[in-house]
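To start, the structure itself, in structure tokens.
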Amino acid sequence: MRTSGRSVAITSLGCSRNDVDSEELAGRLDAAGWTLVADPAQADVAVVNTCGFVEQAKKDSIDTLLATADLKSEPGGRTQAVVAVGCLAERYGRELAEQLPEADAVLGFDSYADLSEQLQRVLAGERPASHAPRDRRTLLPLSPVDRQAARAAAAVPGTGAALADVAPAAGPPVLRARLDDAPWAPLKIASGCDRRCTFCAIPAFRGSFVSRRPTEVLQEARWLAERGVRELFLVSENTTSYGKDLGDLDLLQRLLPELVGVPGVERVRVSYLQPAELRPGLLEALASTPGVAPYFDLSFQHASPGLLRRMRRFGGREPFLDLLARVRHLAPTAGARSNVIVGSPGETEADVAELEAFLAAARLDVVGVFGYSDEDGTEAAGLDGHLDEQEVAARVAHVSALVDELVAQRAEERVGEELLVLVEHVLDDDDAAEAALDAALPAGLGGAVSGRAAHQGPEVDGTTTVVLPAGAPLPRPGEMVTVRAVAAAGADLVAVPSGRPS
């Protein structure tokens, strides 16, 4: 169904997995004849790809929807309709549509396959019916090895989204349009999750774990590289499960060298590793495969063994420290980051002390600290031992202050290290001068660029600013430069060229 030149803007909220979904939606709309624009104010339809992970993310999504809806009343404005998609829309469906009349439609994942038609209907004055949310884990067989056949059986004309699009990025091998020109891009290798953590609602609205076949992943990697992507950021809800539904848990470690070998790809980075599933072969592949960033995004969540069991997770301070020791034995300068939740039901002061002791010993590059909040439909919401909001907030503040200090210390430890930085931005003269001043570098230096070293993941792990000698050519975004760290501020580093070829 062609669109006669209609324009659409997609605002993407939340994680990198959502960014892939947004670019997949953009690809569908572009193929149907829509004109993609960056500014919602310049679009006939503004699509907001929402996040529904935690309470703050839900609030941010609703605030964005409301602010975008205000564009419809701008005098002489172009925006005619605002449509909510993504995790929040999938998770709440009709309830969200009833409570948010400012949105002209609330569309779940099953609407992605015919999104162009849905948007045309909205512009024609219709308000498509929103779905009744369901547990998407029921759409596929319980046994992971049976899921690929079930998806294939459903991928026939007339089935709509059905099992063929049981989760975003589970459809055609490459159906995507880039929404920016960054030299890195997320590449989704799987969708869904089979774990049953008591605090997490993601499996219910993202569905069961489904791996993409290596041929599809490689095809999309080539497509991205042809469009200037130099770093592939492999994302999923649980990367360490990759291949289990394909009958091969060693598949990722064999796929990594093939991804590195794609022409134009300089670096591959892997995200979201479950510590309990990080097998020795995969650990070694991540730490030692040339072109793969020695970067370990480990989902610890806490360090108290008793509280972790209450979360339906495994581990504790000692096994987690042992894992980090094995990582650093193989790759001494490897990056390591994690997220932790404080204030979960039943968490004691002793549990918090155990977490703090772990963090002090772990030497993590970045730690995200989240306060527990009840999520609809989760087991934790019904557990005893809930803490009041003020106590949760106090614990978040306390642990966050510790983390800030520890992350700054870890960055200081990296001063003197040689780093390989992917350049992302050229800084203006004022920012370059400020970076030189902050690092106490001598006068007479040239310009500066910013990017990320191997231990720094996109958007949340800090950056490295490279200050160049006077007269030195500025590297372009997408180039890799070899540098030496000379100063640190928080998780961020300042570096100068090392004089060695990259």
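Numbering starts fresh at 1 for the residues of each chain in the structure tokens, the chains themselves are lettered A, B, ... in the order given, and ligands are numbered from 1 as they appear.
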inquiry  = Using only C-alpha atoms, which protein or nucleic acid residues come within 9 Å of segment 261-263 of chain A? Drop anything in the same chain fewer than 4 positions from it, and give the result as a ChimeraX atom specification.
reply    = /A:218,221-222,225-226,256-257,291
task = Would you list the contacts of Gln120 of chain A as a ChimeraX atom specification, taking every protein, DNA or RNA residue within 12 Å and counting only C-alpha atoms, but skipping same-chain residues closer than 6 positions in sequence?
result = /A:1-8,29,32-34,44-45,80-81,83,104-105,114,126-128
Which neighbours of Val235 of chain A fall inside 9 Å, counting only C-alpha atoms, when residues of the same chain fewer than 5 positions from it are skipped, and could you give them as a short mmCIF file (atom, residue, chain, number, x, y, z; two decimals) with C-alpha atoms, in the first residue's frame?
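The new file selection-v3.cif reads:
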```
data_model
loop_
_atom_site.label_atom_id
_atom_site.label_comp_id
_atom_site.auth_asym_id
_atom_site.auth_seq_id
_atom_site.Cartn_x
_atom_site.Cartn_y
_atom_site.Cartn_z
CA SER A 16 19.90 -0.61 21.71
CA ARG A 17 17.53 -3.51 21.05
CA PRO A 186 23.44 -2.44 17.13
CA LEU A 187 22.89 -5.80 15.45
CA LYS A 188 20.24 -7.98 17.05
CA ILE A 189 21.20 -11.66 17.11
CA ALA A 190 18.22 -12.94 19.10
CA SER A 191 14.93 -11.88 20.64
CA ARG A 269 31.30 -5.89 20.62
CA VAL A 270 29.02 -8.29 22.51
CA SER A 271 26.47 -7.15 25.09
CA TYR A 272 24.35 -8.63 27.85
#
```
message = Counting only C-alpha atoms, which residue out of A:Thr348, A:Gly416, A:Leu355, A:Ala89 sits closest to Glu391 of chain A?
response = A:Thr348
Contact residues around Asp19 of chain A with only C-alpha atoms at 9 Å, ignoring same-chain residues under 4 positions, as a VMD selection string = chain A and resid 12 to 15 23 to 24 49 179 185 to 186
request  = Just list the residues in segment 177-339 of chain A DSSP gives strand (DSSP E or B) on the backbone, as a VMD selection string.
outcome  = chain A and resid 184 to 188 190 to 191 210 to 211 231 to 235 267 to 270 273 292 295 to 298 301 335 to 339
task = For His131 of chain A, please output as an MDAnalysis selection string all residues within 7 Å (counting only C-alpha atoms; exclusion window: fewer than 2 positions along the same chain).
result = chainID A and resid 93:94 108 129 133
query = Suppose you want the space between atom CA of Arg230 of chain A and atom CA of Glu424 of chain A; what is it in Å?
reply =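 That distance, rounded to one decimal, is 10.4 Å.
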ask   = If you measure from atom CA of Asp376 of chain A to atom CA of Ser143 of chain A, what distance in Å do you get, rounded to one decimal?
value =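 Atom CA of Asp376 of chain A sits 25.8 Å away from atom CA of Ser143 of chain A.
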inquiry  = Using Å and a single decimal, report how far atom CA of Asp461 of chain A sits from atom CA of Arg337 of chain A.
reply    =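 These two atoms are separated by 8.1 Å.
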ask   = Which is closer to Arg178 of chain A than all the others in A:Arg312, A:Lys59, A:Arg28, A:Arg78, using only C-alpha atoms?
value =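 Between A:Arg312, A:Lys59, A:Arg28, A:Arg78, the residue approaching Arg178 of chain A most closely is A:Arg28.
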task = Enumerate the residues of segment 129-336 of chain A with a DSSP assignment of helix (DSSP H, G or I), computed from the backbone, and present them as JSON, numbers by chain.
result = {"A": [136, 137, 138, 139, 144, 145, 146, 147, 148, 149, 150, 151, 152, 153, 154, 202, 203, 204, 205, 206, 214, 215, 216, 217, 218, 219, 220, 221, 222, 223, 224, 225, 226, 239, 240, 241, 244, 245, 246, 251, 252, 253, 254, 255, 256, 257, 258, 259, 260, 275, 276, 277, 280, 281, 282, 283, 284, 285, 286, 287, 288, 305, 306, 307, 308, 309, 310, 317, 318, 319, 320, 321, 322, 323, 324, 325, 326, 327, 328, 329, 330]}
Written file, previous selection with C-alpha atoms, as a compact mmCIF listing (two decimals), in the first residue's frame:
```
# COMPACT_ATOMS: atom_id res chain seq x y z
CA ARG A 136 4.09 -13.87 24.29
CA ARG A 137 5.97 -16.85 25.68
CA THR A 138 2.90 -18.92 24.77
CA LEU A 139 3.36 -18.23 21.04
CA PRO A 144 13.83 -24.18 22.42
CA VAL A 145 14.82 -26.68 19.71
CA ASP A 146 11.23 -26.77 18.41
CA ARG A 147 10.94 -23.01 17.95
CA GLN A 148 12.67 -22.58 14.60
CA ALA A 149 10.30 -25.04 12.92
CA ALA A 150 7.28 -23.33 14.47
CA ARG A 151 8.42 -19.94 13.15
CA ALA A 152 9.04 -21.34 9.68
CA ALA A 153 5.61 -22.99 9.59
CA ALA A 154 3.95 -19.68 10.40
CA ILE A 202 10.52 -8.60 29.75
CA PRO A 203 9.98 -12.29 28.84
CA ALA A 204 6.20 -11.90 29.02
CA PHE A 205 6.05 -9.11 26.43
CA ARG A 206 9.17 -9.93 24.39
CA PRO A 214 24.03 -16.95 11.43
CA THR A 215 23.38 -16.40 7.72
CA GLU A 216 20.84 -13.68 8.57
CA VAL A 217 23.18 -12.05 11.09
CA LEU A 218 26.05 -12.03 8.60
CA GLN A 219 23.86 -10.64 5.84
CA GLU A 220 22.78 -7.75 8.05
CA ALA A 221 26.39 -7.19 9.17
CA ARG A 222 27.45 -6.81 5.54
CA TRP A 223 24.54 -4.46 4.91
CA LEU A 224 25.59 -2.28 7.86
CA ALA A 225 29.26 -2.28 6.85
CA GLU A 226 28.32 -1.13 3.34
CA THR A 239 23.37 -13.18 24.36
CA THR A 240 24.86 -16.18 26.18
CA SER A 241 21.79 -18.24 25.15
CA LYS A 244 20.47 -23.04 22.03
CA ASP A 245 17.31 -23.21 19.91
CA LEU A 246 19.50 -24.01 16.90
CA LEU A 251 27.56 -21.02 17.67
CA LEU A 252 28.40 -17.51 18.87
CA GLN A 253 32.09 -18.18 19.36
CA ARG A 254 32.28 -19.51 15.78
CA LEU A 255 30.23 -16.59 14.44
CA LEU A 256 32.46 -13.91 15.95
CA PRO A 257 35.46 -14.40 13.58
CA GLU A 258 33.10 -14.38 10.60
CA LEU A 259 31.63 -11.05 11.72
CA VAL A 260 35.09 -9.59 12.21
CA PRO A 275 27.30 -14.83 34.32
CA ALA A 276 25.72 -18.25 35.01
CA GLU A 277 25.75 -19.06 31.27
CA PRO A 280 34.73 -21.20 29.12
CA GLY A 281 34.85 -21.40 25.31
CA LEU A 282 32.78 -18.25 24.86
CA LEU A 283 34.75 -16.41 27.53
CA GLU A 284 37.99 -17.24 25.73
CA ALA A 285 36.55 -16.21 22.36
CA LEU A 286 35.44 -12.83 23.72
CA ALA A 287 38.81 -12.24 25.37
CA SER A 288 41.14 -13.34 22.59
CA PRO A 305 23.76 -15.19 47.32
CA GLY A 306 20.56 -15.33 49.33
CA LEU A 307 19.01 -12.31 47.66
CA LEU A 308 20.07 -13.55 44.22
CA ARG A 309 18.26 -16.83 44.85
CA ARG A 310 15.18 -14.82 45.82
CA ARG A 317 30.45 -12.19 45.56
CA GLU A 318 33.06 -14.95 45.38
CA PRO A 319 31.94 -16.67 42.15
CA PHE A 320 31.51 -13.29 40.47
CA LEU A 321 35.00 -12.18 41.50
CA ASP A 322 36.35 -15.52 40.29
CA LEU A 323 34.71 -14.93 36.90
CA LEU A 324 36.27 -11.47 36.64
CA ALA A 325 39.66 -12.92 37.59
CA ARG A 326 39.36 -15.45 34.74
CA VAL A 327 38.43 -12.66 32.33
CA ARG A 328 41.45 -10.57 33.34
CA HIS A 329 43.77 -13.57 33.22
CA LEU A 330 42.92 -13.92 29.52
```
query = Near segment 447-455 of chain A, within 8 Å and counting only C-alpha atoms, which residues show up once chain neighbours fewer than 3 positions away are dropped, as a PyMOL selection string?
reply = chain A and resi 293-295+334-336+365+419-429+431-433+458+462-470+474-475
query = So, counting only C-alpha atoms, which residue among A:Leu406, A:Val342, A:Leu119, A:Leu387 is closest to Val367 of chain A?
reply =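 Of the candidates, the smallest distance to Val367 of chain A is held by A:Leu406.
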Nearest to Leu445 of chain A, chosen from A:Val496, A:Glu90, A:Arg484, A:Glu412, with only C-alpha atoms counted in the distances =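 Of the candidates, the smallest distance to Leu445 of chain A is held by A:Val496.
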key: Of the listed residues A:Leu140, A:Val82, A:Ala177, A:Val340, that which approaches Ala67 of chain A most closely, counting only C-alpha atoms   =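 Answer, going by the shortest atom-to-atom distance: A:Val82.
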Using only C-alpha atoms, which residues sit within 12 Å of Gly385 of chain A once same-chain residues fewer than 4 positions away are excluded, as a compact mmCIF listing (two decimals) with N, CA and C atoms, in the first residue's frame?
```
# COMPACT_ATOMS: atom_id res chain seq x y z
N LEU A 307 19.92 -13.20 48.39
CA LEU A 307 19.01 -12.31 47.66
C LEU A 307 18.95 -12.69 46.19
N ARG A 310 16.54 -15.37 45.73
CA ARG A 310 15.18 -14.82 45.82
C ARG A 310 14.78 -14.15 44.50
N GLY A 343 17.31 -2.48 46.89
CA GLY A 343 15.99 -2.27 47.46
C GLY A 343 14.98 -3.34 47.10
N SER A 344 15.43 -4.50 46.61
CA SER A 344 14.50 -5.58 46.28
C SER A 344 13.81 -6.09 47.54
N PRO A 345 12.62 -6.68 47.41
CA PRO A 345 11.94 -7.23 48.58
C PRO A 345 12.84 -8.19 49.35
N GLY A 346 12.94 -7.97 50.64
CA GLY A 346 13.75 -8.83 51.49
C GLY A 346 15.20 -8.44 51.59
N GLU A 347 15.63 -7.41 50.87
CA GLU A 347 17.04 -7.00 50.95
C GLU A 347 17.34 -6.42 52.33
N THR A 348 18.37 -6.95 52.98
CA THR A 348 18.77 -6.49 54.30
C THR A 348 19.98 -5.57 54.20
N ALA A 380 8.05 -10.94 41.93
CA ALA A 380 8.58 -10.11 43.02
C ALA A 380 7.53 -9.17 43.57
N ALA A 381 6.58 -8.76 42.75
CA ALA A 381 5.54 -7.85 43.22
C ALA A 381 4.73 -8.46 44.35
```
